[in-house]
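*Asks:* Take this structure first; my questions come after.
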Amino acid sequence: MWSLGLVAVELATGLPLYPGNEDYDVLKFIIETQGQPPDHVLDSGVYTEDYFIEDKDKQQRWTFKTDQQFQYETGYESLETRCIKLTRLDDLEQIIMFRRGPEVEAFLGEGGFGIVAKCRDTTTNQAVAIKVNKSDPDILQQAHVEIFILEQLRRLDPDAANIVQWNGFFHDGERVCLKFELLDQCLWDYIGDRNKQGLSISEVRPILGQITNALSHLSSVGIVHADLKPGNIMVVNRHESPIKVKLIDFGLACPASAVIPGDFVGTVGYCAPEVMLGLPYNEASDMWSLGLVAVELATGVPLYPSESDYDYLKFIIETQGQPPDHQQPGQRLFVSLIKQMLALDAHQRITPSQVLRHPFFSPGLSKRFPCINIERPY
């Protein structure tokens, strides 16, 4: 019956739900979509210990092995082979309905708003990315706000401004579909391809400069992005050097003049303190987020990896101290720039134009510096 369920999904979508090359990948995809089997089921599994670690002191005794743990034990490197990526099976309904419309080639991701699909434009035969918003009234209202923001951004050259090119919208039933140029991969995936070891300072510099350029252009038209994070920064082509990046996802963006204090926007771990505290905020909140993105690029891991608002604020308070002076010149200037991006007072936070004039971007510092070394728990 399980197999029949997967066959039914493939009949309806044209794509397998869990197309793993190895048992570990299939189990990982199942757990990410449907959750982990209960302990009493795993207790009797002959091969449970091949994929799970038991800790009798935890309420949920069995924990699925991470990609790194499984690779260390077996030598197998987990591969992402899914075209349909879901966090719950309920989202299948939206995917199945959408497949009746444009020529869908792959599903690129999904979130609270809906899904993003790679489609073929039948008029130009070009591959495009389409963001399909759910038909929920609140999400539809937000989609119309996003369209308003994207209309404002049409005054900018998307390539010169390092923002994704928007090519209009259409309706699929009650759903609003936004059409964008197709880009390669987000910075989270780009960092992940480096085994989260972080990029060298010379690699960070052009990426940071391009996103700062994007924020400078947004500021010129009075727009706050409000959800800047590695997942919303796309690499245009990972095989180019230096890489070009573009800012995407304006679903939470708003005019700086229309900010409502107390509205929680952004993602925990990246939003500015004034947003967390319900204070008035403006374009400076994006600069805080960019500072955290820059740290993650250089180290491979987030500076404040929090799941709750309290932990996030606690980490900020505990770590806003003076960094050591023994770093190499590029790294010292990098940390100096980060401190100005992460100023707790939004009024004292560095502006995009000041970032571009910072000594970190001096041509004389184009010499390659090594990655920042940090210890990682295993």
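Letters A, B, ... mark the chains of the structure tokens in the order given; residue numbers begin at 1 per chain; ligand numbers begin at 1, in order shown.
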List the spatial neighbours of A:His225 as a list in words - criterion: any atom at most 9 Å away, only C-alpha atoms, same-chain residues fewer than 6 positions off excluded.

*Replies:* Leu215, Leu218, Asp249, Phe250, Gly251, Leu252, Ala253, Cys254, Pro255, Gly266, Glu283, Ser285 and Asp286 of chain A

*Asks:* Take the residues from that selection and put them in a file with N, CA and C atoms, as a PDB file, in the first residue's frame.

*Replies:*
ATOM      1  N   LEU A 215      21.211  46.464  -1.947  1.00  0.00           N
ATOM      2  CA  LEU A 215      20.569  47.237  -0.883  1.00  0.00           C
ATOM      3  C   LEU A 215      20.625  48.737  -1.172  1.00  0.00           C
ATOM      4  N   LEU A 218      17.872  49.363  -3.562  1.00  0.00           N
ATOM      5  CA  LEU A 218      16.575  49.310  -2.882  1.00  0.00           C
ATOM      6  C   LEU A 218      16.345  50.593  -2.091  1.00  0.00           C
ATOM      7  N   ASP A 249      13.104  37.204  -3.605  1.00  0.00           N
ATOM      8  CA  ASP A 249      12.024  37.072  -2.624  1.00  0.00           C
ATOM      9  C   ASP A 249      11.690  38.391  -1.921  1.00  0.00           C
ATOM     10  N   PHE A 250      10.768  39.117  -2.517  1.00  0.00           N
ATOM     11  CA  PHE A 250      10.328  40.394  -1.954  1.00  0.00           C
ATOM     12  C   PHE A 250       8.947  40.258  -1.299  1.00  0.00           C
ATOM     13  N   GLY A 251       8.670  39.033  -0.827  1.00  0.00           N
ATOM     14  CA  GLY A 251       7.382  38.749  -0.215  1.00  0.00           C
ATOM     15  C   GLY A 251       7.131  39.482   1.084  1.00  0.00           C
ATOM     16  N   LEU A 252       8.191  39.864   1.805  1.00  0.00           N
ATOM     17  CA  LEU A 252       8.033  40.617   3.051  1.00  0.00           C
ATOM     18  C   LEU A 252       8.513  42.060   2.918  1.00  0.00           C
ATOM     19  N   ALA A 253       8.943  42.437   1.714  1.00  0.00           N
ATOM     20  CA  ALA A 253       9.454  43.788   1.497  1.00  0.00           C
ATOM     21  C   ALA A 253       8.329  44.815   1.627  1.00  0.00           C
ATOM     22  N   CYS A 254       8.712  46.028   1.940  1.00  0.00           N
ATOM     23  CA  CYS A 254       7.718  47.097   2.074  1.00  0.00           C
ATOM     24  C   CYS A 254       8.412  48.443   1.884  1.00  0.00           C
ATOM     25  N   PRO A 255       7.656  49.480   1.548  1.00  0.00           N
ATOM     26  CA  PRO A 255       8.243  50.824   1.503  1.00  0.00           C
ATOM     27  C   PRO A 255       8.684  51.235   2.901  1.00  0.00           C
ATOM     28  N   GLY A 266      10.888  38.955   8.645  1.00  0.00           N
ATOM     29  CA  GLY A 266      12.219  38.359   8.583  1.00  0.00           C
ATOM     30  C   GLY A 266      12.258  36.970   9.178  1.00  0.00           C
ATOM     31  N   GLU A 283      15.661  50.831   6.399  1.00  0.00           N
ATOM     32  CA  GLU A 283      16.636  50.104   5.579  1.00  0.00           C
ATOM     33  C   GLU A 283      17.816  49.585   6.392  1.00  0.00           C
ATOM     34  N   SER A 285      17.775  47.854   8.948  1.00  0.00           N
ATOM     35  CA  SER A 285      17.557  46.473   9.378  1.00  0.00           C
ATOM     36  C   SER A 285      18.124  45.490   8.364  1.00  0.00           C
ATOM     37  N   ASP A 286      18.097  45.855   7.080  1.00  0.00           N
ATOM     38  CA  ASP A 286      18.694  44.995   6.051  1.00  0.00           C
ATOM     39  C   ASP A 286      20.208  44.935   6.197  1.00  0.00           C
TER      40      ASP A 286
END

*Asks:* Please list as an MDAnalysis selection string every residue within 12 Å of A:Thr66, counting only C-alpha atoms and excluding residues in the same chain fewer than 2 positions away.

*Replies:* chainID A and resid 24:25 27:28 31 50:53 63:64 68:73 76:78 378

*Asks:* Got time to write the residues from that selection, N, CA, C and O atoms, as a compact mmCIF listing (two decimals), in the first residue's frame?

*Replies:*
# COMPACT_ATOMS: atom_id res chain seq x y z
N TYR A 24 19.67 5.48 2.44
CA TYR A 24 19.80 6.59 3.38
C TYR A 24 19.07 7.82 2.85
O TYR A 24 18.35 8.50 3.60
N ASP A 25 19.25 8.13 1.55
CA ASP A 25 18.60 9.30 0.97
C ASP A 25 17.08 9.18 1.03
O ASP A 25 16.37 10.14 1.35
N LEU A 27 15.23 7.42 3.12
CA LEU A 27 14.79 7.60 4.50
C LEU A 27 14.84 9.06 4.91
O LEU A 27 13.95 9.57 5.60
N LYS A 28 15.89 9.76 4.50
CA LYS A 28 16.01 11.18 4.84
C LYS A 28 14.87 11.98 4.22
O LYS A 28 14.26 12.83 4.88
N ILE A 31 11.64 11.31 6.17
CA ILE A 31 11.63 11.95 7.49
C ILE A 31 11.44 13.46 7.35
O ILE A 31 10.71 14.09 8.12
N ASP A 50 21.76 1.13 11.42
CA ASP A 50 22.53 1.58 10.26
C ASP A 50 22.24 3.05 9.96
O ASP A 50 23.10 3.75 9.40
N TYR A 51 21.04 3.51 10.34
CA TYR A 51 20.61 4.85 9.95
C TYR A 51 20.28 5.75 11.13
O TYR A 51 20.15 6.96 10.95
N PHE A 52 20.14 5.17 12.32
CA PHE A 52 19.74 5.94 13.50
C PHE A 52 20.73 5.72 14.64
O PHE A 52 21.40 4.68 14.71
N ILE A 53 20.79 6.71 15.52
CA ILE A 53 21.62 6.63 16.73
C ILE A 53 20.67 6.63 17.93
O ILE A 53 19.76 7.46 18.01
N THR A 63 17.61 8.91 16.86
CA THR A 63 17.86 10.12 16.08
C THR A 63 18.49 9.73 14.75
O THR A 63 19.46 8.96 14.72
N PHE A 64 17.92 10.25 13.66
CA PHE A 64 18.44 9.93 12.33
C PHE A 64 19.84 10.52 12.16
O PHE A 64 20.09 11.66 12.54
N GLN A 68 26.79 13.99 7.48
CA GLN A 68 28.21 13.86 7.80
C GLN A 68 28.49 12.57 8.58
O GLN A 68 29.49 11.89 8.32
N GLN A 69 27.62 12.24 9.51
CA GLN A 69 27.80 11.00 10.28
C GLN A 69 27.70 9.78 9.38
O GLN A 69 28.53 8.86 9.49
N PHE A 70 26.73 9.76 8.51
CA PHE A 70 26.56 8.60 7.63
C PHE A 70 27.73 8.48 6.66
O PHE A 70 28.22 7.38 6.38
N GLN A 71 28.19 9.62 6.13
CA GLN A 71 29.31 9.59 5.20
C GLN A 71 30.59 9.12 5.91
O GLN A 71 31.38 8.37 5.34
N TYR A 72 30.78 9.57 7.17
CA TYR A 72 31.96 9.15 7.94
C TYR A 72 31.98 7.62 8.15
O TYR A 72 33.03 6.98 8.06
N GLU A 73 30.80 7.05 8.37
CA GLU A 73 30.72 5.61 8.66
C GLU A 73 30.75 4.76 7.40
O GLU A 73 31.28 3.64 7.42
N TYR A 76 29.56 7.08 1.92
CA TYR A 76 28.56 7.53 0.95
C TYR A 76 28.21 8.99 1.20
O TYR A 76 27.91 9.39 2.32
N GLU A 77 28.23 9.78 0.12
CA GLU A 77 27.86 11.19 0.21
C GLU A 77 26.42 11.37 -0.25
O GLU A 77 26.06 11.04 -1.39
N SER A 78 25.57 11.86 0.65
CA SER A 78 24.15 12.01 0.35
C SER A 78 23.94 12.97 -0.82
O SER A 78 24.63 13.98 -0.95
N TYR A 378 30.87 17.84 16.33
CA TYR A 378 30.42 16.67 15.58
C TYR A 378 29.82 15.67 16.55
O TYR A 378 30.16 15.63 17.70

*Asks:* Step one, run DSSP on the backbone; step two, keep only residues of stretch 114-272 of chain A assigned to strand (DSSP E); then write them as a ChimeraX atom specification.

*Replies:* /A:114-120,127-133,166-172,175-181,185-186,223-224,233-235,245-247,254-255

*Asks:* Give me the residues within 9 Å of A:Glu174 as a list in words, counting only C-alpha atoms and dropping any in the same chain fewer than 4 places off.

*Replies:*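 Selected residues are Lys134, Ser135, Asp136 and Leu140 of chain A.
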
*Asks:* Calculated over only C-alpha atoms, which of the candidates A:Asp311, A:Asp184, A:Asp172, A:Asp263 has the smallest distance to A:Ile233?

*Replies:*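 Smallest separation from A:Ile233 among the options: A:Asp184.
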
*Asks:* Just the number, please: distance in Å from atom CA of A:Tyr281 to atom CA of A:Ile260, one decimal.

*Replies:*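 That distance, rounded to one decimal, is 8.3 Å.
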
*Asks:* Between A:Lys229, A:Ala161, A:Leu182, A:His144, which one has atoms that come closest to A:Leu108, using only C-alpha atoms?

*Replies:*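 Closest to A:Leu108 of all the choices is A:Leu182.
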
*Asks:* In Å, with one decimal, what is the gap from atom CA of A:Lys58 to atom CA of A:Asp39?

*Replies:*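 Separation of atom CA of A:Lys58 and atom CA of A:Asp39: 11.1 Å.
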
*Asks:* One decimal, Å: what's the distance from atom CA of A:Gln126 over to atom CA of A:Asn167, could you say?

*Replies:*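 Calculated distance between atom CA of A:Gln126 and atom CA of A:Asn167 is 12.4 Å.
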
*Asks:* What residues in stretch 115-307 of chain A get the DSSP label helix (DSSP H, G or I)? Please answer as a PyMOL selection string.

*Replies:* chain A and resi 137-153+158-161+187-192+201-220+230-232+256-258+273-276+284-299

*Asks:* Neighbours of A:Gly198 within 6 Å (only C-alpha atoms; same-chain residues fewer than 6 positions away dropped), as a ChimeraX atom specification?

*Replies:* /A:297-300

*Asks:* Determine the nearest neighbour of A:Ser362 from the options A:Lys85, A:Phe315, A:Ala143, A:Gly209, counting only C-alpha atoms.

*Replies:* A:Gly209

*Asks:* Which residues, written as a ChimeraX atom specification, have at least one atom at most 8 Å from A:Thr87, with only C-alpha atoms counted and residues fewer than 4 positions away on the same chain left out?

*Replies:* /A:32-34,91,110

*Asks:* Go ahead and save the residues from that selection, with all heavy atoms, as a CSV table (one decimal), in the first residue's frame.

*Replies:*
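Final file, part00.csv:
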chain,number,residue,atom,x,y,z
A,32,GLU,N,12.1,14.1,6.3
A,32,GLU,CA,11.9,15.5,6.1
A,32,GLU,C,10.5,15.9,5.7
A,32,GLU,O,10.1,17.0,6.0
A,32,GLU,CB,12.9,16.0,5.1
A,32,GLU,CG,14.4,16.0,5.5
A,32,GLU,CD,15.4,16.4,4.4
A,32,GLU,OE1,14.9,16.5,3.3
A,32,GLU,OE2,16.5,16.6,4.7
A,33,THR,N,9.8,15.0,5.1
A,33,THR,CA,8.5,15.3,4.6
A,33,THR,C,7.4,14.8,5.6
A,33,THR,O,6.4,15.5,5.8
A,33,THR,CB,8.2,14.6,3.3
A,33,THR,OG1,9.2,14.9,2.4
A,33,THR,CG2,6.9,15.0,2.7
A,34,GLN,N,7.5,13.6,6.2
A,34,GLN,CA,6.5,13.0,7.0
A,34,GLN,C,6.8,12.9,8.5
A,34,GLN,O,6.0,12.5,9.3
A,34,GLN,CB,6.1,11.7,6.4
A,34,GLN,CG,5.6,11.7,5.0
A,34,GLN,CD,5.3,10.3,4.4
A,34,GLN,OE1,5.8,10.0,3.4
A,34,GLN,NE2,4.5,9.6,5.1
A,91,ASP,N,0.8,19.6,1.2
A,91,ASP,CA,1.1,20.5,0.1
A,91,ASP,C,1.0,19.9,-1.3
A,91,ASP,O,1.2,20.5,-2.3
A,91,ASP,CB,2.5,21.1,0.3
A,91,ASP,CG,2.6,22.0,1.5
A,91,ASP,OD1,1.5,22.6,1.8
A,91,ASP,OD2,3.6,22.2,2.1
A,110,GLU,N,9.6,25.1,-1.5
A,110,GLU,CA,8.3,25.5,-1.0
A,110,GLU,C,8.4,26.1,0.3
A,110,GLU,O,9.4,25.9,1.0
A,110,GLU,CB,7.3,24.3,-1.0
A,110,GLU,CG,7.8,23.1,-0.1
A,110,GLU,CD,7.3,23.2,1.3
A,110,GLU,OE1,6.2,23.8,1.5
A,110,GLU,OE2,7.9,22.6,2.2

*Asks:* Per residue of stretch 102-219 of chain A within 12 Å of stretch 10-14 of chain A, note the shortest atom pair and the distance in Å to one decimal, counting only C-alpha atoms, and order the rows by chain and increasing residue number, as CSV.

*Replies:*
residue,atom,partner,partner_atom,distance
A:Glu103,CA,A:Gly14,CA,11.5
A:Val104,CA,A:Thr13,CA,9.5
A:Glu105,CA,A:Gly14,CA,9.5
A:Ala106,CA,A:Gly14,CA,9.9
A:Phe107,CA,A:Thr13,CA,10.4

*Asks:* With N, CA and C atoms kept, could you save the residues just selected as a PDB file, in the first residue's frame?

*Replies:*
ATOM      1  N   GLU A 103       3.883  24.374 -18.254  1.00  0.00           N
ATOM      2  CA  GLU A 103       4.702  23.182 -18.457  1.00  0.00           C
ATOM      3  C   GLU A 103       5.773  23.134 -17.366  1.00  0.00           C
ATOM      4  N   VAL A 104       5.526  22.344 -16.347  1.00  0.00           N
ATOM      5  CA  VAL A 104       6.408  22.280 -15.179  1.00  0.00           C
ATOM      6  C   VAL A 104       7.503  21.245 -15.408  1.00  0.00           C
ATOM      7  N   GLU A 105       8.752  21.641 -15.144  1.00  0.00           N
ATOM      8  CA  GLU A 105       9.882  20.729 -15.307  1.00  0.00           C
ATOM      9  C   GLU A 105      10.413  20.212 -13.977  1.00  0.00           C
ATOM     10  N   ALA A 106      10.330  21.020 -12.941  1.00  0.00           N
ATOM     11  CA  ALA A 106      10.839  20.599 -11.628  1.00  0.00           C
ATOM     12  C   ALA A 106      10.288  21.538 -10.568  1.00  0.00           C
ATOM     13  N   PHE A 107      10.235  21.044  -9.344  1.00  0.00           N
ATOM     14  CA  PHE A 107       9.853  21.872  -8.205  1.00  0.00           C
ATOM     15  C   PHE A 107      11.112  22.250  -7.444  1.00  0.00           C
TER      16      PHE A 107
END
